[in-house]
Amino acid sequence: MSSYILRRVLVTIPVMAIVALFVFSLLYIAPGDPAAVIAGDQASPADVERIRQSLGLDRPFLVQFGSWIWQILHLDLGTSIFTNLPVASMIAQRIEPTLSLMALTLVLTIIIAVPLGVIAAWKAGSWIDRVIMAFAVSAFSLPVFVVGYILAYVFALELEWFPVQGYTPFTEGFWPWLQNLILPSIALGCVYIALIARVTRASMLEVLQQDYIRTGRAKGLGQPSILFVHALKNAAVPIVTVIGIGVALLIGGAVVTESVFAIPGLGRLTVDAILRRDYPVIQGVVLMFSFLYTLVNLMVDLTYTVIDPRIRY
Amino acid sequence: MSVSATTAVIPPGLAIAKALPDLMLPVKVRRGVLGFLRNNPTVAIGGTLLLVLVLIGIFAPYLWTVDPTALAPARRLRAPSADFWFGTDALGRDVYSRVLYGTRVSLTVGLSVALLATFAGLAIGLVSGFVRWADSIVMRVMDGLMSIPPILLAVALMALTRGSVGNVIMAITVAEIPRVSRLVRGVVLSLREQAYVDAAVACGTRTPMIILRHILPNTLAPMLVQATYVCASAMIVESILSFIGAGTPPTIPSWGNIMAEGRALWQVKPYIVFFPAAFLSLTVLAVNLVGDGLRDALDPRMAKSL
């Protein structure tokens, strides 16, 4: 068991190294002169040269990459071109709202999507199933900001149940925090809910056909016990996998959700960085989120061994 | 004894069961394109919707539109009316014309990314499915690429290039390739184990011919379905990129741009955001319906489960 965990953790290191290499080489892959693009159209040659130096583009590729990796290992993500502050501390300042949003969305999604999928599988072919699946297809087609605006319009502007925009830190109380985050979380979670509900349904349908379920019925187990204890446990591996993969949707969606609901998180930082062409900040955010995503999927892989002790790599 | 049992009088309270209905209904075979569409109503609905949107995109200049970039400060922020069907924005531009022209950007991006990512993914997937030593390298690289959330990857690429439709297509394609090539590789690996491939090998067929004749045709069905999903996701990513200011330049009316411009005013003038949002959702829905329908039609085993 522990050797498996150790091996799985070690496999993550080369993946992270490739991510770092790729994020770094983007500067070279992009067509044209990145320094000139970042400097903007009105920049003087001196400005372009200054940016080229601050990005380190005047040095050989391997030297740059080496020193960049060395910095990252020391948690130094470089310096912003616009504010001259360290990118790492800029990210640290903005990370709480984003992590709050993602955590709440994850919890809401699992609470909503898994039961939906289980019910759809249980009532497969009935109108309930059809309604849930129709919801899943439409939720796939609704971009996150569209859902966000609809929710904000109906529940914040018209009904005034929730604040339209903004964010209250968790330290100022749970309710104000929740009130501000509930609409963004639902908006962000919509696609995710659809995805997980579909996979839960598919996985449950397969499990519900197996013999031991019939045995459970025959010995008089109640329907909830069959569905949520006996079947769900065996249907869990694909569901957990998709929860892990779907975190990528959450990360991408969070950037947009934050600008719809004016939440001062990493999404806003990214959008501001795009407008100011502040590439080190964008690079830092991409790298941070990619590592986060890799770690989430590492944890997903490790939970497999808990859910299904047969799984060993 | 047994004879008397079969002719026994039916006890009170029990009735003879009705004859069971004939479960084997006659199968109606429908042929041709129209038959296919009748058998797969989702494809028909999605396809029709998509066709209408394509026509709107092509004939945008003739559909009672005005120049979508024409500024008219005198008629700023008019609500939808008979003159301005979808109202006007903060610079007095006609939202109806802008939304109709925006169809072109979305469809161009969706279609181009679907084509490019499918071809690139097909090539990479075929190579790594057949060339053992390349497989582990290519797949590690794809794992790394897949660890970068696609939208962020596209954002980073766009931050390094000038905003143009071509660059948006390139950025989204790069972000989509890993998923497509993983899928192709998976299909190729399972096809390699098929008996007919063994038979071809035994007949002395060369590897390129096996790929071309036996493997490639069988990847087409899953690739077609995958391409529709790539197309849908590309259109969403394009609108997101434009919405956060990293997509098509503001001079080109795209749905994301229109929404980005309406964002500051959406609490008082929600229609500026509403119309492009509705068009975008409808387009993506149409593509997804076609994709779901094709998947059900091409892979009946999947249809039952998902």
# chains A, B, ... in the order shown; residues from 1 in each chain; ligands from 1

call {"tool": "closest_atom_pairs", "arguments": {"of": "chain B", "to": "chain A", "cutoff": "9 Å", "atoms": "only C-alpha atoms", "output": "tab-separated table"}}
result
residue	atom	partner	partner_atom	distance
B:Arg140	CA	A:Val15	CA	7.0
B:Val141	CA	A:Ile18	CA	6.6
B:Asp143	CA	A:Val15	CA	6.8
B:Gly144	CA	A:Val19	CA	4.9
B:Leu145	CA	A:Val19	CA	6.4
B:Met146	CA	A:Val19	CA	8.8
B:Ser147	CA	A:Ser290	CA	5.5
B:Ile148	CA	A:Ser290	CA	4.8
B:Pro149	CA	A:Ala248	CA	4.9
B:Pro150	CA	A:Gly252	CA	7.2
B:Ile151	CA	A:Gly252	CA	5.3
B:Leu152	CA	A:Val286	CA	6.0
B:Leu153	CA	A:Val286	CA	7.2
B:Val155	CA	A:Ile274	CA	8.1
B:Ala156	CA	A:Ile282	CA	6.3
B:Leu157	CA	A:Ala30	CA	6.5
B:Met158	CA	A:Ala30	CA	8.5
B:Ala159	CA	A:Ile274	CA	6.2
B:Leu160	CA	A:Pro34	CA	5.4
B:Thr161	CA	A:Val37	CA	6.3
B:Arg162	CA	A:Val37	CA	6.6
B:Ala232	CA	A:Ser141	CA	7.8
B:Ser233	CA	A:Ser141	CA	8.8
B:Ile236	CA	A:Pro143	CA	6.2
B:Val237	CA	A:Pro143	CA	8.8
B:Ser239	CA	A:Pro143	CA	8.6
B:Ile240	CA	A:Val256	CA	7.0
B:Phe243	CA	A:Val256	CA	8.1
B:Ile244	CA	A:Val271	CA	5.9
B:Gly245	CA	A:Leu275	CA	6.8
B:Ala246	CA	A:Ile274	CA	6.5
B:Arg263	CA	A:Val260	CA	7.8
B:Trp266	CA	A:Tyr149	CA	8.4
B:Gln267	CA	A:Leu157	CA	7.5
B:Pro270	CA	A:Tyr153	CA	8.3
B:Val273	CA	A:Tyr149	CA	8.3
B:Phe274	CA	A:Val146	CA	8.1
B:Ala277	CA	A:Val146	CA	5.9
B:Ala278	CA	A:Val146	CA	8.1
B:Leu280	CA	A:Pro143	CA	8.1
B:Ser281	CA	A:Leu142	CA	5.2
B:Leu282	CA	A:Ser141	CA	7.6
B:Thr283	CA	A:Ser141	CA	8.3
B:Val284	CA	A:Ser141	CA	5.2
B:Leu285	CA	A:Ser141	CA	4.8
B:Ala286	CA	A:Ser141	CA	8.5
B:Val287	CA	A:Ser141	CA	8.8
B:Asn288	CA	A:Ser141	CA	7.1
B:Leu289	CA	A:Val137	CA	8.0
B:Asp292	CA	A:Val137	CA	8.8
B:Lys304	CA	A:Ala202	CA	8.4
B:Ser305	CA	A:Ala202	CA	4.8
B:Leu306	CA	A:Ala202	CA	5.2

call {"tool": "write_last_selection", "arguments": {"atoms": "C-alpha atoms", "output": "compact mmCIF listing (two decimals), in the first residue's frame"}}
result
# COMPACT_ATOMS: atom_id res chain seq x y z
CA ARG B 140 3.85 11.62 -21.34
CA VAL B 141 3.86 14.91 -23.26
CA ASP B 143 -0.32 13.92 -20.01
CA GLY B 144 1.61 17.07 -19.26
CA LEU B 145 -0.45 19.10 -21.73
CA MET B 146 -3.67 17.69 -20.33
CA SER B 147 -2.64 18.81 -16.87
CA ILE B 148 -2.94 22.40 -18.03
CA PRO B 149 -6.62 23.41 -17.97
CA PRO B 150 -7.53 24.07 -21.66
CA ILE B 151 -8.90 27.56 -21.15
CA LEU B 152 -5.78 28.66 -19.28
CA LEU B 153 -3.55 27.16 -21.95
CA VAL B 155 -5.26 32.27 -22.44
CA ALA B 156 -1.49 31.91 -22.07
CA LEU B 157 -1.04 31.40 -25.83
CA MET B 158 -3.28 34.35 -26.63
CA ALA B 159 -1.33 36.57 -24.23
CA LEU B 160 1.76 35.91 -26.35
CA THR B 161 0.21 36.58 -29.75
CA ARG B 162 -1.79 39.36 -31.28
CA ALA B 232 -18.94 22.78 -29.31
CA SER B 233 -16.20 23.24 -26.75
CA ILE B 236 -17.53 28.08 -25.84
CA VAL B 237 -13.81 28.65 -25.29
CA SER B 239 -16.58 33.20 -26.42
CA ILE B 240 -14.90 32.90 -23.02
CA PHE B 243 -15.31 37.75 -22.98
CA ILE B 244 -12.23 38.11 -20.78
CA GLY B 245 -10.38 40.11 -23.42
CA ALA B 246 -8.00 37.45 -24.74
CA ARG B 263 -20.93 43.43 -19.19
CA TRP B 266 -25.85 44.32 -17.84
CA GLN B 267 -27.76 45.28 -14.69
CA PRO B 270 -29.51 43.13 -19.90
CA VAL B 273 -25.75 40.39 -23.03
CA PHE B 274 -28.90 38.35 -23.50
CA ALA B 277 -25.78 34.58 -25.00
CA ALA B 278 -28.96 33.06 -26.42
CA LEU B 280 -24.28 31.07 -28.42
CA SER B 281 -26.21 28.62 -26.26
CA LEU B 282 -28.46 27.68 -29.17
CA THR B 283 -25.51 27.05 -31.48
CA VAL B 284 -23.67 24.94 -28.94
CA LEU B 285 -26.86 23.03 -28.19
CA ALA B 286 -27.35 22.33 -31.91
CA VAL B 287 -23.82 20.96 -32.24
CA ASN B 288 -24.18 18.87 -29.08
CA LEU B 289 -27.49 17.43 -30.31
CA ASP B 292 -25.26 12.95 -29.19
CA LYS B 304 -27.90 2.58 -23.82
CA SER B 305 -25.51 3.60 -21.09
CA LEU B 306 -24.92 7.30 -21.54

call {"tool": "residues_around", "arguments": {"residues": "Leu122 in chain B", "least_positions_apart": "4", "cutoff": "7 Å", "atoms": "only C-alpha atoms", "output": "list in words"}}
result
Thr118, Leu126, Ser181 and Val184 of chain B

call {"tool": "atom_distance", "arguments": {"atom1": "CA of Leu266 in chain A", "atom2": "CA of Thr173 in chain B"}}
result
24.5 Å

call {"tool": "closest_residue", "arguments": {"among": "B:Ala200, B:Leu115, B:Val66, B:Ala195", "to": "Gln226 in chain B", "atoms": "only C-alpha atoms"}}
result
B:Leu115

call {"tool": "residues_around", "arguments": {"residues": "Gly121 in chain B", "least_positions_apart": "3", "cutoff": "6 Å", "atoms": "only C-alpha atoms", "output": "list of chain:residue names"}}
result
B:Ala117, B:Thr118, B:Ile124, B:Gly125, B:Ile177, B:Val180, B:Ser181

call {"tool": "write_last_selection", "arguments": {"atoms": "N, CA and C atoms", "output": "mmCIF file, in the first residue's frame"}}
result
data_model
loop_
_atom_site.group_PDB
_atom_site.id
_atom_site.type_symbol
_atom_site.label_atom_id
_atom_site.label_comp_id
_atom_site.auth_asym_id
_atom_site.auth_seq_id
_atom_site.Cartn_x
_atom_site.Cartn_y
_atom_site.Cartn_z
ATOM 1 N N ALA B 117 -7.931 20.028 -34.977
ATOM 2 C CA ALA B 117 -7.626 19.191 -33.819
ATOM 3 C C ALA B 117 -7.852 17.724 -34.154
ATOM 4 N N THR B 118 -8.876 17.442 -34.980
ATOM 5 C CA THR B 118 -9.143 16.051 -35.334
ATOM 6 C C THR B 118 -8.007 15.483 -36.175
ATOM 7 N N ILE B 124 -1.281 12.048 -34.452
ATOM 8 C CA ILE B 124 -0.517 11.729 -33.236
ATOM 9 C C ILE B 124 -0.980 10.406 -32.643
ATOM 10 N N GLY B 125 -2.301 10.226 -32.602
ATOM 11 C CA GLY B 125 -2.850 9.004 -32.021
ATOM 12 C C GLY B 125 -2.445 7.768 -32.802
ATOM 13 N N ILE B 177 -5.904 19.269 -28.752
ATOM 14 C CA ILE B 177 -5.229 18.119 -29.361
ATOM 15 C C ILE B 177 -5.002 16.946 -28.389
ATOM 16 N N VAL B 180 -7.999 14.585 -28.066
ATOM 17 C CA VAL B 180 -8.318 13.842 -29.291
ATOM 18 C C VAL B 180 -7.291 12.734 -29.514
ATOM 19 N N SER B 181 -5.996 13.050 -29.324
ATOM 20 C CA SER B 181 -5.004 12.016 -29.614
ATOM 21 C C SER B 181 -5.081 10.868 -28.618
#

call {"tool": "residues_around", "arguments": {"residues": "Ala235 in chain A", "least_positions_apart": "2", "cutoff": "7 Å", "atoms": "only C-alpha atoms", "output": "mmCIF file with N, CA and C atoms, in the first residue's frame"}}
result
data_model
loop_
_atom_site.group_PDB
_atom_site.id
_atom_site.type_symbol
_atom_site.label_atom_id
_atom_site.label_comp_id
_atom_site.auth_asym_id
_atom_site.auth_seq_id
_atom_site.Cartn_x
_atom_site.Cartn_y
_atom_site.Cartn_z
ATOM 1 N N SER A 203 -22.560 4.576 -14.983
ATOM 2 C CA SER A 203 -21.860 3.618 -14.144
ATOM 3 C C SER A 203 -22.846 2.813 -13.295
ATOM 4 N N MET A 204 -23.883 3.500 -12.783
ATOM 5 C CA MET A 204 -24.884 2.814 -11.956
ATOM 6 C C MET A 204 -25.681 1.808 -12.781
ATOM 7 N N VAL A 207 -23.818 -1.359 -12.935
ATOM 8 C CA VAL A 207 -23.737 -2.085 -11.666
ATOM 9 C C VAL A 207 -25.097 -2.693 -11.302
ATOM 10 N N ALA A 231 -24.801 -0.461 -4.519
ATOM 11 C CA ALA A 231 -24.505 -0.194 -5.935
ATOM 12 C C ALA A 231 -23.510 0.954 -6.079
ATOM 13 N N LEU A 232 -23.765 2.055 -5.378
ATOM 14 C CA LEU A 232 -22.944 3.252 -5.576
ATOM 15 C C LEU A 232 -21.472 2.977 -5.270
ATOM 16 N N LYS A 233 -21.244 2.152 -4.247
ATOM 17 C CA LYS A 233 -19.867 1.873 -3.865
ATOM 18 C C LYS A 233 -19.108 1.225 -5.031
ATOM 19 N N VAL A 237 -15.776 4.203 -8.975
ATOM 20 C CA VAL A 237 -14.478 4.515 -9.596
ATOM 21 C C VAL A 237 -14.601 5.481 -10.785
ATOM 22 N N PRO A 238 -15.477 5.197 -11.780
ATOM 23 C CA PRO A 238 -15.605 6.176 -12.875
ATOM 24 C C PRO A 238 -16.083 7.545 -12.393
#

call {"tool": "atom_distance", "arguments": {"atom1": "CA of Leu57 in chain A", "atom2": "CA of Val138 in chain B"}}
result
27.2 Å

call {"tool": "select_by_dssp", "arguments": {"residues": "range 205-286 of chain B", "states": "alpha helix (DSSP H)", "output": "mmCIF file with N, CA and C atoms, in the first residue's frame"}}
result
data_model
loop_
_atom_site.group_PDB
_atom_site.id
_atom_site.type_symbol
_atom_site.label_atom_id
_atom_site.label_comp_id
_atom_site.auth_asym_id
_atom_site.auth_seq_id
_atom_site.Cartn_x
_atom_site.Cartn_y
_atom_site.Cartn_z
ATOM 1 N N THR B 207 2.506 -2.369 -42.708
ATOM 2 C CA THR B 207 1.891 -1.564 -41.662
ATOM 3 C C THR B 207 1.152 -0.325 -42.194
ATOM 4 N N PRO B 208 1.762 0.463 -43.119
ATOM 5 C CA PRO B 208 1.018 1.636 -43.600
ATOM 6 C C PRO B 208 -0.324 1.250 -44.206
ATOM 7 N N MET B 209 -0.341 0.119 -44.935
ATOM 8 C CA MET B 209 -1.579 -0.329 -45.554
ATOM 9 C C MET B 209 -2.592 -0.752 -44.496
ATOM 10 N N ILE B 210 -2.095 -1.415 -43.444
ATOM 11 C CA ILE B 210 -3.009 -1.828 -42.366
ATOM 12 C C ILE B 210 -3.637 -0.597 -41.733
ATOM 13 N N LEU B 216 -7.802 3.026 -39.916
ATOM 14 C CA LEU B 216 -8.361 4.366 -40.131
ATOM 15 C C LEU B 216 -9.880 4.369 -40.317
ATOM 16 N N PRO B 217 -10.423 3.510 -41.193
ATOM 17 C CA PRO B 217 -11.873 3.551 -41.387
ATOM 18 C C PRO B 217 -12.643 3.305 -40.099
ATOM 19 N N ASN B 218 -12.076 2.493 -39.208
ATOM 20 C CA ASN B 218 -12.793 2.191 -37.973
ATOM 21 C C ASN B 218 -12.674 3.286 -36.923
ATOM 22 N N THR B 219 -11.708 4.213 -37.119
ATOM 23 C CA THR B 219 -11.627 5.314 -36.164
ATOM 24 C C THR B 219 -12.570 6.438 -36.576
ATOM 25 N N LEU B 220 -13.116 6.372 -37.790
ATOM 26 C CA LEU B 220 -13.888 7.512 -38.292
ATOM 27 C C LEU B 220 -15.135 7.790 -37.463
ATOM 28 N N ALA B 221 -15.867 6.739 -37.091
ATOM 29 C CA ALA B 221 -17.105 6.971 -36.340
ATOM 30 C C ALA B 221 -16.850 7.670 -35.010
ATOM 31 N N PRO B 222 -15.965 7.119 -34.149
ATOM 32 C CA PRO B 222 -15.704 7.855 -32.905
ATOM 33 C C PRO B 222 -15.110 9.237 -33.149
ATOM 34 N N MET B 223 -14.299 9.384 -34.223
ATOM 35 C CA MET B 223 -13.695 10.696 -34.488
ATOM 36 C C MET B 223 -14.752 11.728 -34.870
ATOM 37 N N LEU B 224 -15.739 11.285 -35.653
ATOM 38 C CA LEU B 224 -16.806 12.193 -36.068
ATOM 39 C C LEU B 224 -17.555 12.721 -34.844
ATOM 40 N N VAL B 225 -17.863 11.798 -33.929
ATOM 41 C CA VAL B 225 -18.569 12.198 -32.712
ATOM 42 C C VAL B 225 -17.695 13.139 -31.896
ATOM 43 N N GLN B 226 -16.412 12.767 -31.761
ATOM 44 C CA GLN B 226 -15.496 13.596 -30.986
ATOM 45 C C GLN B 226 -15.366 14.987 -31.601
ATOM 46 N N ALA B 227 -15.337 15.039 -32.945
ATOM 47 C CA ALA B 227 -15.179 16.330 -33.616
ATOM 48 C C ALA B 227 -16.336 17.269 -33.269
ATOM 49 N N THR B 228 -17.551 16.736 -33.149
ATOM 50 C CA THR B 228 -18.667 17.627 -32.796
ATOM 51 C C THR B 228 -18.469 18.185 -31.386
ATOM 52 N N TYR B 229 -17.986 17.344 -30.467
ATOM 53 C CA TYR B 229 -17.780 17.859 -29.112
ATOM 54 C C TYR B 229 -16.651 18.883 -29.085
ATOM 55 N N VAL B 230 -15.595 18.638 -29.867
ATOM 56 C CA VAL B 230 -14.496 19.609 -29.945
ATOM 57 C C VAL B 230 -15.033 20.925 -30.493
ATOM 58 N N CYS B 231 -15.890 20.823 -31.516
ATOM 59 C CA CYS B 231 -16.471 22.019 -32.126
ATOM 60 C C CYS B 231 -17.269 22.804 -31.081
ATOM 61 N N ALA B 232 -18.123 22.112 -30.327
ATOM 62 C CA ALA B 232 -18.938 22.784 -29.307
ATOM 63 C C ALA B 232 -18.047 23.433 -28.264
ATOM 64 N N SER B 233 -17.048 22.692 -27.805
ATOM 65 C CA SER B 233 -16.201 23.244 -26.753
ATOM 66 C C SER B 233 -15.374 24.404 -27.290
ATOM 67 N N ALA B 234 -14.935 24.329 -28.567
ATOM 68 C CA ALA B 234 -14.157 25.430 -29.139
ATOM 69 C C ALA B 234 -14.988 26.709 -29.192
ATOM 70 N N MET B 235 -16.275 26.581 -29.538
ATOM 71 C CA MET B 235 -17.103 27.785 -29.607
ATOM 72 C C MET B 235 -17.268 28.416 -28.232
ATOM 73 N N ILE B 236 -17.413 27.550 -27.202
ATOM 74 C CA ILE B 236 -17.531 28.080 -25.841
ATOM 75 C C ILE B 236 -16.223 28.744 -25.423
ATOM 76 N N VAL B 237 -15.100 28.074 -25.701
ATOM 77 C CA VAL B 237 -13.810 28.652 -25.294
ATOM 78 C C VAL B 237 -13.567 29.977 -26.024
ATOM 79 N N GLU B 238 -13.923 30.023 -27.315
ATOM 80 C CA GLU B 238 -13.736 31.280 -28.058
ATOM 81 C C GLU B 238 -14.517 32.407 -27.388
ATOM 82 N N SER B 239 -15.777 32.126 -27.020
ATOM 83 C CA SER B 239 -16.577 33.199 -26.415
ATOM 84 C C SER B 239 -16.005 33.589 -25.056
ATOM 85 N N ILE B 240 -15.492 32.588 -24.317
ATOM 86 C CA ILE B 240 -14.896 32.903 -23.020
ATOM 87 C C ILE B 240 -13.645 33.762 -23.206
ATOM 88 N N LEU B 241 -12.794 33.373 -24.171
ATOM 89 C CA LEU B 241 -11.574 34.149 -24.424
ATOM 90 C C LEU B 241 -11.929 35.588 -24.794
ATOM 91 N N SER B 242 -12.891 35.744 -25.716
ATOM 92 C CA SER B 242 -13.271 37.096 -26.116
ATOM 93 C C SER B 242 -13.874 37.846 -24.934
ATOM 94 N N PHE B 243 -14.642 37.122 -24.120
ATOM 95 C CA PHE B 243 -15.314 37.750 -22.978
ATOM 96 C C PHE B 243 -14.306 38.310 -21.988
ATOM 97 N N TRP B 255 -19.598 36.961 -30.460
ATOM 98 C CA TRP B 255 -20.560 36.940 -29.351
ATOM 99 C C TRP B 255 -19.889 37.237 -28.020
ATOM 100 N N GLY B 256 -18.680 36.713 -27.839
ATOM 101 C CA GLY B 256 -17.958 36.991 -26.597
ATOM 102 C C GLY B 256 -17.651 38.470 -26.449
ATOM 103 N N ASN B 257 -17.240 39.108 -27.565
ATOM 104 C CA ASN B 257 -16.945 40.543 -27.518
ATOM 105 C C ASN B 257 -18.189 41.359 -27.184
ATOM 106 N N ILE B 258 -19.315 41.019 -27.820
ATOM 107 C CA ILE B 258 -20.545 41.774 -27.566
ATOM 108 C C ILE B 258 -20.912 41.668 -26.091
ATOM 109 N N MET B 259 -20.769 40.448 -25.540
ATOM 110 C CA MET B 259 -21.099 40.259 -24.125
ATOM 111 C C MET B 259 -20.113 41.012 -23.241
ATOM 112 N N ALA B 260 -18.834 41.006 -23.625
ATOM 113 C CA ALA B 260 -17.834 41.715 -22.825
ATOM 114 C C ALA B 260 -18.164 43.202 -22.784
ATOM 115 N N GLU B 261 -18.607 43.744 -23.948
ATOM 116 C CA GLU B 261 -18.932 45.166 -23.976
ATOM 117 C C GLU B 261 -20.205 45.468 -23.202
ATOM 118 N N GLY B 262 -21.129 44.502 -23.174
ATOM 119 C CA GLY B 262 -22.377 44.720 -22.441
ATOM 120 C C GLY B 262 -22.242 44.443 -20.958
ATOM 121 N N ARG B 263 -21.082 43.890 -20.561
ATOM 122 C CA ARG B 263 -20.933 43.432 -19.185
ATOM 123 C C ARG B 263 -21.115 44.553 -18.169
ATOM 124 N N PRO B 270 -29.857 44.547 -19.777
ATOM 125 C CA PRO B 270 -29.507 43.130 -19.899
ATOM 126 C C PRO B 270 -29.594 42.589 -21.326
ATOM 127 N N TYR B 271 -30.338 43.278 -22.218
ATOM 128 C CA TYR B 271 -30.533 42.702 -23.554
ATOM 129 C C TYR B 271 -29.244 42.624 -24.357
ATOM 130 N N ILE B 272 -28.269 43.520 -24.074
ATOM 131 C CA ILE B 272 -27.017 43.473 -24.840
ATOM 132 C C ILE B 272 -26.303 42.150 -24.593
ATOM 133 N N VAL B 273 -26.367 41.672 -23.348
ATOM 134 C CA VAL B 273 -25.747 40.393 -23.029
ATOM 135 C C VAL B 273 -26.644 39.240 -23.446
ATOM 136 N N PHE B 274 -27.965 39.455 -23.312
ATOM 137 C CA PHE B 274 -28.904 38.352 -23.504
ATOM 138 C C PHE B 274 -28.884 37.773 -24.918
ATOM 139 N N PHE B 275 -28.928 38.651 -25.939
ATOM 140 C CA PHE B 275 -29.069 38.125 -27.297
ATOM 141 C C PHE B 275 -27.860 37.295 -27.759
ATOM 142 N N PRO B 276 -26.632 37.802 -27.606
ATOM 143 C CA PRO B 276 -25.507 36.937 -27.991
ATOM 144 C C PRO B 276 -25.445 35.661 -27.155
ATOM 145 N N ALA B 277 -25.814 35.765 -25.858
ATOM 146 C CA ALA B 277 -25.784 34.576 -25.000
ATOM 147 C C ALA B 277 -26.759 33.533 -25.516
ATOM 148 N N ALA B 278 -27.959 33.990 -25.924
ATOM 149 C CA ALA B 278 -28.964 33.055 -26.421
ATOM 150 C C ALA B 278 -28.478 32.394 -27.709
ATOM 151 N N PHE B 279 -27.901 33.184 -28.612
ATOM 152 C CA PHE B 279 -27.409 32.620 -29.876
ATOM 153 C C PHE B 279 -26.298 31.609 -29.619
ATOM 154 N N LEU B 280 -25.387 31.967 -28.721
ATOM 155 C CA LEU B 280 -24.276 31.071 -28.422
ATOM 156 C C LEU B 280 -24.796 29.749 -27.862
ATOM 157 N N SER B 281 -25.706 29.836 -26.881
ATOM 158 C CA SER B 281 -26.213 28.620 -26.258
ATOM 159 C C SER B 281 -26.929 27.758 -27.282
ATOM 160 N N LEU B 282 -27.715 28.404 -28.157
ATOM 161 C CA LEU B 282 -28.464 27.675 -29.171
ATOM 162 C C LEU B 282 -27.514 26.957 -30.129
ATOM 163 N N THR B 283 -26.466 27.656 -30.543
ATOM 164 C CA THR B 283 -25.511 27.053 -31.478
ATOM 165 C C THR B 283 -24.818 25.850 -30.851
ATOM 166 N N VAL B 284 -24.360 26.038 -29.609
ATOM 167 C CA VAL B 284 -23.666 24.940 -28.938
ATOM 168 C C VAL B 284 -24.621 23.772 -28.723
ATOM 169 N N LEU B 285 -25.866 24.091 -28.375
ATOM 170 C CA LEU B 285 -26.860 23.034 -28.188
ATOM 171 C C LEU B 285 -27.052 22.255 -29.488
ATOM 172 N N ALA B 286 -27.147 22.991 -30.605
ATOM 173 C CA ALA B 286 -27.348 22.333 -31.905
ATOM 174 C C ALA B 286 -26.207 21.366 -32.191
#

call {"tool": "residues_around", "arguments": {"residues": "Pro61 in chain B", "least_positions_apart": "4", "cutoff": "10 Å", "atoms": "only C-alpha atoms", "output": "PyMOL selection string"}}
result
chain B and resi 56-57+65-68+97+100-101

call {"tool": "atom_distance", "arguments": {"atom1": "CA of Asp296 in chain B", "atom2": "CA of Ala136 in chain A"}}
result
15.9 Å
